[in-house]
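So this block is final-v1.tsv, TSV, C-alpha atoms and all ligand atoms:
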chain	number	residue	atom	x	y	z
L	1	MET	CA	115.07	112.71	108.09
L	2	LEU	CA	114.77	112.05	111.82
L	3	ILE	CA	112.64	108.91	112.22
L	4	THR	CA	113.32	106.49	115.04
L	5	PRO	CA	111.77	103.11	115.90
L	6	LEU	CA	109.42	102.60	118.85
L	7	ASP	CA	111.09	101.95	122.15
L	8	PRO	CA	109.71	99.24	124.47
L	9	THR	CA	108.09	101.73	126.89
L	10	GLU	CA	105.81	102.83	124.07
L	11	LEU	CA	104.40	99.34	123.59
L	12	SER	CA	102.38	99.21	126.78
L	13	SER	CA	99.37	101.32	125.75
L	14	THR	CA	96.51	99.84	123.75
L	15	VAL	CA	96.12	101.27	120.29
L	16	VAL	CA	92.69	101.26	118.77
L	17	VAL	CA	92.88	100.94	114.99
L	18	ILE	CA	89.81	102.70	113.61
L	19	THR	CA	88.80	101.43	110.22
L	20	GLY	CA	85.79	100.61	108.04
L	21	GLY	CA	83.14	103.28	108.43
L	22	TRP	CA	80.31	103.95	106.06
L	23	SER	CA	81.89	106.02	103.30
L	24	ARG	CA	82.21	104.78	99.75
L	25	GLU	CA	85.89	104.14	100.48
L	26	ARG	CA	85.04	101.52	103.14
L	27	ASP	CA	86.77	98.65	101.27
L	28	ARG	CA	90.04	100.48	100.96
L	29	ALA	CA	89.83	101.52	104.61
L	30	LEU	CA	89.35	97.91	105.74
L	31	LEU	CA	92.42	96.87	103.75
L	32	SER	CA	94.53	99.55	105.47
L	33	GLY	CA	93.03	98.66	108.85
L	34	ARG	CA	93.89	94.98	108.50
L	35	THR	CA	97.48	95.55	107.42
L	36	VAL	CA	98.14	98.32	109.95
L	37	ALA	CA	96.77	96.24	112.85
L	38	GLY	CA	98.63	93.12	111.67
L	39	ALA	CA	101.95	94.96	111.42
L	40	LEU	CA	101.55	96.71	114.80
L	41	ASP	CA	100.63	93.37	116.44
L	42	GLU	CA	103.79	91.79	115.03
L	43	MET	CA	105.84	94.59	116.53
L	44	GLY	CA	104.34	93.85	119.95
L	45	VAL	CA	101.95	96.81	120.08
L	46	LYS	CA	98.63	95.86	121.68
L	47	THR	CA	95.91	96.68	119.16
L	48	ARG	CA	92.16	96.50	119.00
L	49	VAL	CA	90.42	96.99	115.66
L	50	ILE	CA	87.13	98.83	115.60
L	51	ASP	CA	84.84	99.58	112.72
L	52	LEU	CA	83.42	103.12	112.74
L	53	SER	CA	80.10	101.70	111.59
L	54	GLU	CA	79.68	99.65	114.80
L	55	PRO	CA	76.57	100.45	116.89
L	56	ARG	CA	76.96	103.76	118.71
L	57	GLU	CA	77.19	102.39	122.27
L	58	ASP	CA	79.87	99.79	121.35
L	59	LEU	CA	81.82	102.41	119.46
L	60	LEU	CA	81.78	104.91	122.31
L	61	ASP	CA	82.81	102.22	124.83
L	62	SER	CA	85.80	101.24	122.67
L	63	LEU	CA	86.83	104.85	122.06
L	64	VAL	CA	86.60	105.93	125.68
L	65	GLU	CA	88.93	103.08	126.69
L	66	ALA	CA	91.45	103.79	123.91
L	67	GLU	CA	94.80	105.24	124.90
L	68	ARG	CA	95.68	106.12	121.33
L	69	ALA	CA	93.82	105.82	118.04
L	70	PHE	CA	95.40	104.90	114.72
L	71	LEU	CA	93.13	106.10	111.92
L	72	ALA	CA	93.15	103.61	109.05
L	73	ILE	CA	90.02	104.93	107.45
L	74	ALA	CA	89.05	107.31	104.63
L	75	GLY	CA	86.21	109.31	103.14
L	76	ARG	CA	83.24	111.12	104.59
L	77	GLY	CA	82.56	110.88	108.31
L	78	ALA	CA	86.16	109.91	109.02
L	79	GLU	CA	88.64	111.84	106.89
L	80	ASP	CA	86.59	115.04	107.00
L	81	GLY	CA	87.20	116.06	110.62
L	82	ARG	CA	84.12	114.54	112.23
L	83	LEU	CA	85.97	111.58	113.72
L	84	GLN	CA	88.87	113.86	114.70
L	85	GLY	CA	86.39	116.15	116.51
L	86	LEU	CA	84.93	113.22	118.40
L	87	LEU	CA	88.38	112.02	119.46
L	88	GLU	CA	89.40	115.55	120.52
L	89	THR	CA	86.25	115.76	122.63
L	90	LEU	CA	86.95	112.39	124.25
L	91	GLY	CA	90.62	113.31	124.80
L	92	VAL	CA	91.98	110.38	122.78
L	93	PRO	CA	95.24	111.15	120.90
L	94	TYR	CA	94.92	110.14	117.23
L	95	THR	CA	97.14	109.87	114.17
L	96	GLY	CA	97.19	112.30	111.25
L	97	SER	CA	95.75	115.74	110.73
L	98	GLY	CA	93.40	117.58	113.06
L	99	VAL	CA	89.86	118.86	112.57
L	100	LEU	CA	90.64	121.95	110.48
L	101	ALA	CA	92.98	120.35	107.91
L	102	SER	CA	90.72	117.30	107.64
L	103	ALA	CA	87.57	119.34	107.05
L	104	ILE	CA	89.16	121.66	104.50
L	105	GLY	CA	91.09	118.85	102.84
L	106	MET	CA	87.92	116.84	102.26
L	107	ASN	CA	86.37	119.71	100.34
L	108	LYS	CA	88.27	119.99	97.05
L	109	ILE	CA	87.02	123.51	96.31
L	110	HIS	CA	87.91	124.99	99.71
L	111	ALA	CA	91.25	123.17	99.72
L	112	LYS	CA	92.15	124.64	96.32
L	113	THR	CA	91.13	128.13	97.46
L	114	VAL	CA	93.41	127.86	100.49
L	115	VAL	CA	96.44	126.43	98.72
L	116	SER	CA	96.20	128.72	95.70
L	117	ALA	CA	96.28	131.71	98.08
L	118	ALA	CA	99.72	130.39	99.07
L	119	GLY	CA	100.85	130.45	95.43
L	120	ILE	CA	100.29	126.78	94.62
L	121	ARG	CA	99.23	126.12	91.02
L	122	VAL	CA	95.70	124.65	90.83
L	123	PRO	CA	93.35	124.02	87.87
L	124	VAL	CA	90.50	126.50	87.57
L	125	GLY	CA	87.13	125.09	88.44
L	126	THR	CA	83.65	125.87	89.63
L	127	ARG	CA	81.03	124.37	91.90
L	128	ILE	CA	78.05	122.97	90.05
L	129	GLU	CA	74.89	124.80	91.05
L	130	PRO	CA	72.58	121.92	92.06
L	131	ARG	CA	69.34	123.83	91.45
L	132	ALA	CA	70.26	125.00	87.93
L	133	LEU	CA	68.95	123.21	84.85
L	134	PRO	CA	71.61	120.86	83.39
L	135	ASP	CA	71.56	122.66	80.00
L	136	ASP	CA	71.99	126.09	81.62
L	137	GLU	CA	74.75	124.83	83.86
L	138	ALA	CA	76.51	123.13	80.92
L	139	ALA	CA	76.37	126.44	79.01
L	140	ARG	CA	77.77	128.38	81.99
L	141	ILE	CA	80.63	125.91	82.48
L	142	SER	CA	81.45	125.79	78.75
L	143	SER	CA	81.68	129.59	78.65
L	144	MET	CA	83.98	129.60	81.66
L	145	LEU	CA	86.22	126.57	81.03
L	146	GLU	CA	87.57	125.18	77.81
L	147	LEU	CA	86.27	121.67	77.06
L	148	PRO	CA	87.02	118.92	77.96
L	149	VAL	CA	86.32	119.35	81.65
L	150	ILE	CA	86.60	116.93	84.55
L	151	LEU	CA	83.50	116.52	86.69
L	152	LYS	CA	84.09	115.26	90.19
L	153	PRO	CA	82.37	115.09	93.56
L	154	ILE	CA	83.58	117.88	95.88
L	155	SER	CA	83.87	115.61	98.90
L	156	GLU	CA	84.59	112.12	97.69
L	157	GLY	CA	87.84	110.25	97.16
L	158	GLY	CA	89.13	107.17	95.39
L	159	SER	CA	88.19	108.64	91.97
L	160	ILE	CA	84.57	107.77	92.74
L	161	GLY	CA	82.20	109.56	90.36
L	162	ILE	CA	84.90	111.18	88.18
L	163	GLN	CA	83.83	111.85	84.60
L	164	LEU	CA	85.38	113.55	81.61
L	165	ALA	CA	83.00	115.66	79.54
L	166	THR	CA	84.27	116.38	76.05
L	167	SER	CA	81.28	118.23	74.60
L	168	GLY	CA	78.45	120.49	75.76
L	169	GLU	CA	75.98	117.61	75.25
L	170	SER	CA	78.00	115.09	77.26
L	171	LEU	CA	78.40	117.70	79.99
L	172	ALA	CA	74.64	118.38	80.15
L	173	SER	CA	73.86	114.68	80.14
L	174	ALA	CA	76.39	113.98	82.92
L	175	LEU	CA	74.87	116.80	85.00
L	176	PHE	CA	71.40	115.44	84.40
L	177	HIS	CA	72.34	112.03	85.79
L	178	VAL	CA	74.14	113.14	88.95
L	179	ALA	CA	71.70	115.67	90.25
L	180	ASP	CA	71.88	114.60	93.90
L	181	GLU	CA	75.64	114.92	94.41
L	182	GLU	CA	77.70	118.00	95.26
L	183	LEU	CA	79.87	118.32	92.17
L	184	MET	CA	82.56	120.52	90.71
L	185	ALA	CA	83.80	121.04	87.17
L	186	GLU	CA	87.49	121.56	86.62
L	187	ALA	CA	89.73	122.38	83.65
L	188	PHE	CA	91.14	119.11	82.32
L	189	HIS	CA	94.93	119.14	82.14
L	190	PRO	CA	96.17	116.31	79.96
L	191	GLY	CA	99.32	114.89	81.45
L	192	ARG	CA	100.68	112.42	83.94
L	193	THR	CA	99.13	111.51	87.28
L	194	LEU	CA	101.59	111.87	90.12
L	195	SER	CA	101.20	111.65	93.84
L	196	ILE	CA	103.66	112.75	96.48
L	197	GLY	CA	103.73	112.04	100.20
L	198	VAL	CA	104.82	114.49	102.90
L	199	LEU	CA	106.17	113.27	106.23
L	200	GLU	CA	106.90	115.40	109.27
L	201	ASP	CA	109.96	114.08	111.09
L	202	ARG	CA	110.62	114.01	114.84
L	203	ALA	CA	112.23	117.43	114.68
L	204	GLY	CA	109.08	118.84	113.05
L	205	LEU	CA	110.74	119.22	109.64
L	206	LEU	CA	108.65	118.45	106.56
L	207	HIS	CA	110.02	116.05	103.96
L	208	ALA	CA	108.56	115.22	100.56
L	209	LEU	CA	108.88	111.53	99.68
L	210	PRO	CA	109.83	110.37	96.17
L	211	PRO	CA	106.77	110.91	93.92
L	212	LEU	CA	104.82	108.01	92.46
L	213	GLU	CA	103.40	107.98	88.94
L	214	ALA	CA	100.29	105.95	88.06
L	215	VAL	CA	100.20	105.26	84.32
L	216	THR	CA	96.79	104.41	82.87
L	217	PRO	CA	95.72	104.11	79.20
L	218	ASN	CA	93.65	107.35	79.18
L	219	GLY	CA	95.71	109.29	81.73
L	220	ILE	CA	92.97	109.29	84.38
L	221	TYR	CA	93.72	107.41	87.57
L	222	SER	CA	90.27	105.87	87.84
L	223	TYR	CA	88.40	104.01	90.59
L	224	ALA	CA	89.02	100.72	88.73
L	225	ALA	CA	92.76	101.47	88.34
L	226	LYS	CA	93.01	102.23	92.06
L	227	ARG	CA	91.30	98.93	92.90
L	228	GLY	CA	93.55	96.98	90.58
L	229	THR	CA	90.76	95.98	88.18
L	230	ALA	CA	91.95	98.17	85.27
L	231	ASP	CA	95.34	98.58	83.61
L	232	CYS	CA	97.71	100.67	85.67
L	233	ALA	CA	101.50	100.69	85.95
L	234	TYR	CA	103.31	102.38	88.83
L	235	HIS	CA	106.69	104.07	88.83
L	236	CYS	CA	108.21	105.13	92.10
L	237	PRO	CA	110.28	107.23	92.05
L	238	ALA	CA	108.42	108.79	89.12
L	239	ARG	CA	110.54	109.61	86.08
L	240	VAL	CA	110.46	113.42	86.10
L	241	SER	CA	113.06	116.09	85.44
L	242	ALA	CA	114.96	117.63	88.34
L	243	ILE	CA	113.04	120.90	87.85
L	244	THR	CA	109.64	119.17	87.98
L	245	LEU	CA	110.73	117.12	90.98
L	246	ASP	CA	111.70	120.28	92.87
L	247	ASP	CA	108.43	121.93	91.87
L	248	LEU	CA	106.36	118.92	93.06
L	249	LYS	CA	108.22	118.64	96.34
L	250	SER	CA	108.01	122.30	97.21
L	251	GLN	CA	104.31	122.54	96.29
L	252	ALA	CA	103.44	119.41	98.30
L	253	VAL	CA	105.31	120.65	101.38
L	254	ALA	CA	103.76	124.12	101.02
L	255	ALA	CA	100.27	122.61	100.69
L	256	HIS	CA	100.80	120.43	103.79
L	257	ARG	CA	101.90	123.49	105.75
L	258	THR	CA	99.23	125.85	104.42
L	259	LEU	CA	96.41	123.43	105.14
L	260	HIS	CA	97.78	122.80	108.66
L	261	CYS	CA	98.15	119.09	107.99
L	262	HIS	CA	99.87	117.12	110.72
L	263	SER	CA	102.35	114.24	110.62
L	264	TYR	CA	101.71	113.01	107.08
L	265	SER	CA	99.65	113.72	103.97
L	266	ARG	CA	99.59	112.79	100.30
L	267	HIS	CA	99.09	115.25	97.46
L	268	ASP	CA	97.81	114.41	93.99
L	269	PHE	CA	99.05	116.31	90.96
L	270	ILE	CA	98.87	116.36	87.20
L	271	VAL	CA	102.18	117.08	85.51
L	272	ASP	CA	101.22	118.53	82.14
L	273	ASN	CA	103.03	118.14	78.84
L	274	ASP	CA	105.15	121.25	79.59
L	275	GLY	CA	106.31	119.70	82.88
L	276	LEU	CA	104.13	122.02	85.00
L	277	ALA	CA	102.68	120.48	88.16
L	278	TRP	CA	99.00	121.20	88.96
L	279	TRP	CA	97.87	120.45	92.51
L	280	LEU	CA	94.57	118.54	92.53
L	281	GLU	CA	93.91	117.57	96.12
L	282	VAL	CA	95.23	116.47	99.49
L	283	ASN	CA	94.57	113.11	101.09
L	284	THR	CA	94.81	113.71	104.81
L	285	LEU	CA	94.40	109.99	105.55
L	286	PRO	CA	96.03	108.27	102.57
L	287	GLY	CA	95.65	104.48	102.41
L	288	LEU	CA	98.26	102.69	104.49
L	289	SER	CA	98.19	99.14	103.20
L	290	LYS	CA	101.63	97.65	102.80
L	291	SER	CA	101.44	97.68	99.00
L	292	GLY	CA	99.67	101.05	98.85
L	293	ASN	CA	101.01	104.25	97.35
L	294	PHE	CA	102.12	105.92	100.56
L	295	ALA	CA	104.03	102.84	101.75
L	296	ARG	CA	105.66	102.56	98.31
L	297	MET	CA	106.87	106.14	98.45
L	298	ALA	CA	108.25	105.65	101.96
L	299	GLN	CA	109.96	102.45	100.86
L	300	ALA	CA	111.55	104.31	97.93
L	301	ASP	CA	112.97	106.74	100.49
L	302	GLY	CA	114.44	103.88	102.56
L	303	ILE	CA	111.68	103.87	105.21
L	304	PRO	CA	110.34	100.33	105.78
L	305	TYR	CA	106.59	99.86	106.37
L	306	GLU	CA	106.90	99.05	110.07
L	307	LEU	CA	109.01	102.13	110.73
L	308	LEU	CA	106.53	104.29	108.81
L	309	LEU	CA	103.64	103.01	110.95
L	310	THR	CA	105.44	103.53	114.24
L	311	HIS	CA	106.41	107.03	113.17
L	312	ILE	CA	102.81	107.87	112.27
L	313	LEU	CA	101.62	106.35	115.55
L	314	ARG	CA	104.03	108.51	117.47
L	315	GLY	CA	102.68	111.58	115.68
L	316	ALA	CA	99.46	111.07	117.69
L	317	ASP	CA	101.25	112.33	120.79
L	318	ILE	CA	102.53	115.55	119.28
L	319	ASP	CA	100.47	118.64	120.02
L	320	ARG	CA	99.10	119.84	116.69
L	321	ARG	CA	99.04	123.46	117.87
L	322	ALA	CA	102.80	123.40	118.43
L	323	ARG	CA	103.42	122.62	114.77
L	324	PRO	CA	103.51	124.98	111.81
L	401	LIG	N1	91.83	118.60	86.42
L	401	LIG	C1	92.27	117.40	86.06
L	401	LIG	N2	92.94	117.23	84.90
L	401	LIG	C2	93.38	115.98	84.55
L	401	LIG	N3	93.15	114.86	85.26
L	401	LIG	C3	92.48	114.98	86.43
L	401	LIG	C4	92.00	116.24	86.90
L	401	LIG	N4	91.35	116.05	88.06
L	401	LIG	C5	91.43	114.73	88.33
L	401	LIG	N5	92.10	114.07	87.35
L	401	LIG	C6	92.39	112.62	87.31
L	401	LIG	O1	91.49	111.96	88.18
L	401	LIG	C7	92.21	111.37	89.31
L	401	LIG	C8	91.42	111.53	90.60
L	401	LIG	O2	91.21	112.91	90.86
L	401	LIG	P1	91.42	113.54	92.29
L	401	LIG	O3	91.21	115.02	92.16
L	401	LIG	O4	92.74	113.10	92.84
L	401	LIG	O5	90.20	112.96	93.13
L	401	LIG	P2	90.03	111.68	94.11
L	401	LIG	O6	89.77	112.29	95.45
L	401	LIG	O7	88.85	110.95	93.62
L	401	LIG	O8	91.31	110.90	94.08
L	401	LIG	C9	93.55	112.09	89.32
L	401	LIG	O9	94.55	111.33	89.93
L	401	LIG	C10	93.80	112.32	87.84
L	401	LIG	O10	94.26	111.14	87.21
L	402	MG	MG	93.21	111.65	94.32

Could you quickly redo this structure as structure tokens?
Ligand SMILES: Nc1ncnc2c1ncn2[C@@H]1O[C@H](COP(=O)(O)OP(=O)(O)O)[C@@H](O)[C@H]1O
Ligand SMILES: [Mg+2]
Amino acid sequence: MLITPLDPTELSSTVVVITGGWSRERDRALLSGRTVAGALDEMGVKTRVIDLSEPREDLLDSLVEAERAFLAIAGRGAEDGRLQGLLETLGVPYTGSGVLASAIGMNKIHAKTVVSAAGIRVPVGTRIEPRALPDDEAARISSMLELPVILKPISEGGSIGIQLATSGESLASALFHVADEELMAEAFHPGRTLSIGVLEDRAGLLHALPPLEAVTPNGIYSYAAKRGTADCAYHCPARVSAITLDDLKSQAVAAHRTLHCHSYSRHDFIVDNDGLAWWLEVNTLPGLSKSGNFARMAQADGIPYELLLTHILRGADIDRRARP
């Protein structure tokens, strides 16, 4: 994989690290923002950290002056293409995927439609009709999908709001209590939770990093497990057969390409008890803290954290339209 360190001429421009924001993933974003800015500072890159939730005038002043933006942020308003659109309009180069991949990637239903058209295996699911009565909707879902089903927000990350419904009653009751959120129901595939990073190298070639497995007592990689407040063990590289590994890598690379992701992305899968990999979602701005999943995968591939960050930073200068 062709990844080279920064050279001194690249250190002169000021990099604005955009973090925080107002999504429900704000905490995780701030953690990435702090570690990214700290590591870039230590390498001699001039950084300025800004919080997307700053007052509008301050935010615009900081963005207009920025020579490059490093996006260490996640969730709605930031990972969904809105921030990318603003930066495109202001002419500020930024890290990660562009508007299209970000917007589609943030919507789990649209993302699955796009990747499944490219032959990637995805669980069947349906959008919850917000105006339908919970009992009617529970009956419709139960006739379409075998129980249990996973209920999850269409445009949220970090396992926020994920629920498992094992019976028609628990499904109706869950629907009754979350009436104001855009939700989807999806076939539950018991199995192992794996995530796999994709990195585009300097030659424009896509590489899948070694997958990471998150092992939790009930098999669901929950909000608490992600925050470190519930039991969770990590294995990277994940212990999977050579066939499953090939399957995961080729599906992750195909999903990155099909969604028009740029520079890097992380794909979440379930590997079921038959070893089949089911693509769940893309994270177009995966967390980048030093101990986070993406950094772990890079490390397992021999790419140290600092090199990973400089490579991602350099991706800001590559024209997204020139890439597959
Ligand atoms: N269809 C499914 N079958 C089994 N487990 C699932 C399914 N969908 C989600 N999960 C579990 O929930 C976790 C979070 O789901 P995911 O779709 O990645 O959403 P988020 O954006 O919140 O991370 C997954 O890593 C997995 O452990
Ligand atoms: Mg996920």

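Nearest residue to Asp247 in chain L among L:Leu276, L:Cys261, L:Lys290, L:Gly38 is L:Leu276, counting only C-alpha atoms.
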
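Residues in contact range of Ile243 in chain L, defined as at most 12 Å between all atoms listed in the file, with sequence neighbours fewer than 3 positions away removed, read Arg239, Val240, Asp246, Asp247, Leu248, Lys249, Ser250, Val271, Asp274, Gly275, Leu276 and Ala277 of chain L.
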
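For the atom pair formed by CA of Val15 in chain L and CA of Phe70 in chain L, the distance is 6.7 Å, given to one decimal.
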
Discussion item. Around ligand MG 402 (chain L), which protein and nucleic acid residues have at least one atom no more than 10 Å from it, if we count all atoms listed in the file? List them as a list in words.
Written reply: Glu156, Gly157, Gly158, Ser159, Ile160, Thr193, Leu194, Ser195, Tyr221, Ser222, Tyr223, Lys226, Arg266, His267, Asp268, Phe269, Leu280, Glu281, Val282, Asn283 and Pro286 of chain L

Practice prompt. Pull the neighbourhood of (108.3, 113.6, 115.4) for me: all residues within 8 Å in file coordinates, counting all atoms listed in the file, as a PyMOL selection string.
Written response: chain L and resi 2-3+200-204+263+311+314-315+318

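Reported to one decimal place, the separation of CA of Ser102 in chain L from CA of Val17 in chain L is 18.1 Å.
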
Discussion item. Using only C-alpha atoms, which protein or nucleic acid residues come within 12 Å of Gln299 in chain L? Drop anything in the same chain fewer than 2 positions from it, and give the result as an MDAnalysis selection string.
Written reply: chainID L and resid 197 209:212 236:237 290:297 301:309

So that I can see what lies close to Glu182 in chain L, please list as a short mmCIF file (atom, residue, chain, number, x, y, z; two decimals) with C-alpha atoms, keeping the file's coordinate frame the residues with an atom at most 10 Å from it, counting only C-alpha atoms and leaving out residues fewer than 4 positions away in the same chain.
data_model
loop_
_atom_site.label_atom_id
_atom_site.label_comp_id
_atom_site.auth_asym_id
_atom_site.auth_seq_id
_atom_site.Cartn_x
_atom_site.Cartn_y
_atom_site.Cartn_z
CA ARG L 127 81.03 124.37 91.90
CA ILE L 128 78.05 122.97 90.05
CA GLU L 129 74.89 124.80 91.05
CA PRO L 130 72.58 121.92 92.06
CA LYS L 152 84.09 115.26 90.19
CA PRO L 153 82.37 115.09 93.56
CA ILE L 154 83.58 117.88 95.88
CA SER L 155 83.87 115.61 98.90
CA GLU L 156 84.59 112.12 97.69
CA VAL L 178 74.14 113.14 88.95
#

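Closest approach to ligand LIG 401 (chain L) among L:Asp61, L:Glu25, L:Asp317, L:Glu88 is made by L:Glu25 (distances from all atoms listed in the file).
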
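Note that the spacing between CA of Phe176 in chain L and CA of Pro134 in chain L amounts to 5.5 Å.
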
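Each of L:Leu288, L:Ala224, L:Ala187, L:Ile120 was checked against Thr35 in chain L using all atoms listed in the file; the smallest atom-to-atom distance is that of L:Leu288.
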
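Closest approach to Asp319 in chain L from the set L:Leu11, L:Asn107, L:Tyr94, L:Arg76 is made by L:Tyr94, with distances taken over only C-alpha atoms.
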
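You can rank L:Leu52, L:Leu285, L:Ala138, L:Leu90 by their closest distance to ligand LIG 401 (chain L) using all atoms listed in the file, and at the top of that list sits L:Leu285.
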
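Of the listed residues L:Leu6, L:Leu183, L:Val149, L:Val49, the one whose atoms come nearest to Lys108 in chain L is L:Leu183, with distances taken using only C-alpha atoms.
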
Who sits within 12 Å of Thr89 in chain L, only C-alpha atoms, same chain under 3 positions skipped, as a CSV table (one decimal) with C-alpha atoms, keeping the file's coordinate frame:
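To be explicit, this is the file written out as out21.csv:
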chain,number,residue,atom,x,y,z
L,60,LEU,CA,81.8,104.9,122.3
L,63,LEU,CA,86.8,104.8,122.1
L,64,VAL,CA,86.6,105.9,125.7
L,82,ARG,CA,84.1,114.5,112.2
L,83,LEU,CA,86.0,111.6,113.7
L,84,GLN,CA,88.9,113.9,114.7
L,85,GLY,CA,86.4,116.2,116.5
L,86,LEU,CA,84.9,113.2,118.4
L,92,VAL,CA,92.0,110.4,122.8
L,93,PRO,CA,95.2,111.2,120.9
L,94,TYR,CA,94.9,110.1,117.2
L,99,VAL,CA,89.9,118.9,112.6

Excluding Ser167 in chain L and residues on its chain fewer than 2 positions from it, collect all residues at most 12 Å away from it, counting only C-alpha atoms, and give them as a PDB file with C-alpha atoms, in the frame of the given file.
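Ended up saving to result_21.pdb:
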ATOM      1  CA  ASP L 135      71.560 122.660  80.000  1.00  0.00           C
ATOM      2  CA  ALA L 138      76.510 123.130  80.920  1.00  0.00           C
ATOM      3  CA  ALA L 139      76.370 126.440  79.010  1.00  0.00           C
ATOM      4  CA  ILE L 141      80.630 125.910  82.480  1.00  0.00           C
ATOM      5  CA  SER L 142      81.450 125.790  78.750  1.00  0.00           C
ATOM      6  CA  LEU L 145      86.220 126.570  81.030  1.00  0.00           C
ATOM      7  CA  GLU L 146      87.570 125.180  77.810  1.00  0.00           C
ATOM      8  CA  LEU L 147      86.270 121.670  77.060  1.00  0.00           C
ATOM      9  CA  PRO L 148      87.020 118.920  77.960  1.00  0.00           C
ATOM     10  CA  VAL L 149      86.320 119.350  81.650  1.00  0.00           C
ATOM     11  CA  ILE L 150      86.600 116.930  84.550  1.00  0.00           C
ATOM     12  CA  LEU L 164      85.380 113.550  81.610  1.00  0.00           C
ATOM     13  CA  ALA L 165      83.000 115.660  79.540  1.00  0.00           C
ATOM     14  CA  GLU L 169      75.980 117.610  75.250  1.00  0.00           C
ATOM     15  CA  SER L 170      78.000 115.090  77.260  1.00  0.00           C
ATOM     16  CA  LEU L 171      78.400 117.700  79.990  1.00  0.00           C
ATOM     17  CA  ALA L 172      74.640 118.380  80.150  1.00  0.00           C
ATOM     18  CA  SER L 173      73.860 114.680  80.140  1.00  0.00           C
ATOM     19  CA  ALA L 174      76.390 113.980  82.920  1.00  0.00           C
TER      20      ALA L 174
END
